Amino acid sequence: MATVPVYCICRLPYDVTQFMIECDACKDWFHGSCVGVDEDDAPDIDIYHCPNCEKTHGKSTLKKKKNWSKHDTGQSTDIRAVQNGSQVFIKELRSRTFPSADDIVVKLSSSQLTLDYLEENGFNEPILVQKKDGLGMSMPPPTFYISDVEKYVVLIYRCIGLSIKNPILCIPRRFIL
């Protein structure tokens, strides 16, 4: 039988309705209410140490303020920063309306997707090409994974006499096009 992971000093499982904060030392998660951290104050914390880690790593530290405003968003002072994933964040996200994909996605035929088009327009919006015919490319088989890309990149680097530790992060532009 699988066990449910538990967190915090209360040793309870994750609860999506409660704000939690991660300790930067032990990497465990804690309910703000259990460790005395208010959700609204969390964005101001630079390094958080839980009660156990405070003993060895010292107290939590706040971010350095660049100005006297609590959160200088360039907007009115009644708007506050919100912690990603928090209940406030989720509530605000659900209350917003977003444009339809039909309004955002650029639909092109294969003959329209050219190097000239990409150089002029870039990838500022998602592009959908319904049929790959005429693109001059073929799709890899379903068994082709990211690890295969890494193997090809390593092979290219070896062919040109380079040695790197993490090749997938260092693909030169001339090999992408």
# chains A, B, ... in the order shown; residues from 1 in each chain; ligands from 1
call {"tool": "select_by_dssp", "arguments": {"residues": "region 108-152 of chain A", "states": "helix (DSSP H, G or I)", "output": "list in words"}}
result
Leu115, Asp116, Tyr117, Leu118, Glu119, Glu120, Asn121, Ile146, Ser147, Asp148, Val149, Glu150, Lys151 and Tyr152 of chain A
call {"tool": "closest_residue", "arguments": {"among": "A:Cys8, A:Glu54, A:Phe123, A:Gly134", "to": "Val35 (chain A)", "atoms": "only C-alpha atoms"}}
result
A:Cys8
call {"tool": "select_by_dssp", "arguments": {"residues": "region 16-75 of chain A", "states": "strand (DSSP E or B)", "output": "PyMOL selection string"}}
result
chain A and resi 20-22+29-31+45-47+61-62
call {"tool": "residues_around", "arguments": {"residues": "region 95-110 of chain A", "least_positions_apart": "6", "cutoff": "9 Å", "atoms": "only C-alpha atoms", "output": "list in words"}}
result
Glu125, Pro126, Ile127, Leu128, Val129, Gln130, Lys131, Lys132, Asp133, Gly134 and Leu135 of chain A
call {"tool": "closest_residue", "arguments": {"among": "A:Ala42, A:His31, A:Asn52, A:Val88", "to": "Tyr14 (chain A)", "atoms": "only C-alpha atoms"}}
result
A:His31
call {"tool": "closest_residue", "arguments": {"among": "A:Val149, A:Val154, A:Val37, A:Leu118", "to": "His49 (chain A)", "atoms": "only C-alpha atoms"}}
result
A:Val37
call {"tool": "residues_around", "arguments": {"residues": "Ile47 (chain A)", "least_positions_apart": "3", "cutoff": "7 Å", "atoms": "only C-alpha atoms", "output": "list in words"}}
result
Asp24, Ser60, Thr61 and Leu62 of chain A
call {"tool": "write_last_selection", "arguments": {"atoms": "C-alpha atoms", "output": "mmCIF file, in the first residue's frame"}}
result
data_model
loop_
_atom_site.group_PDB
_atom_site.id
_atom_site.type_symbol
_atom_site.label_atom_id
_atom_site.label_comp_id
_atom_site.auth_asym_id
_atom_site.auth_seq_id
_atom_site.Cartn_x
_atom_site.Cartn_y
_atom_site.Cartn_z
ATOM 1 C CA ASP A 24 15.674 26.707 1.766
ATOM 2 C CA SER A 60 15.095 33.683 7.648
ATOM 3 C CA THR A 61 16.100 36.767 5.704
ATOM 4 C CA LEU A 62 13.958 39.298 3.879
#
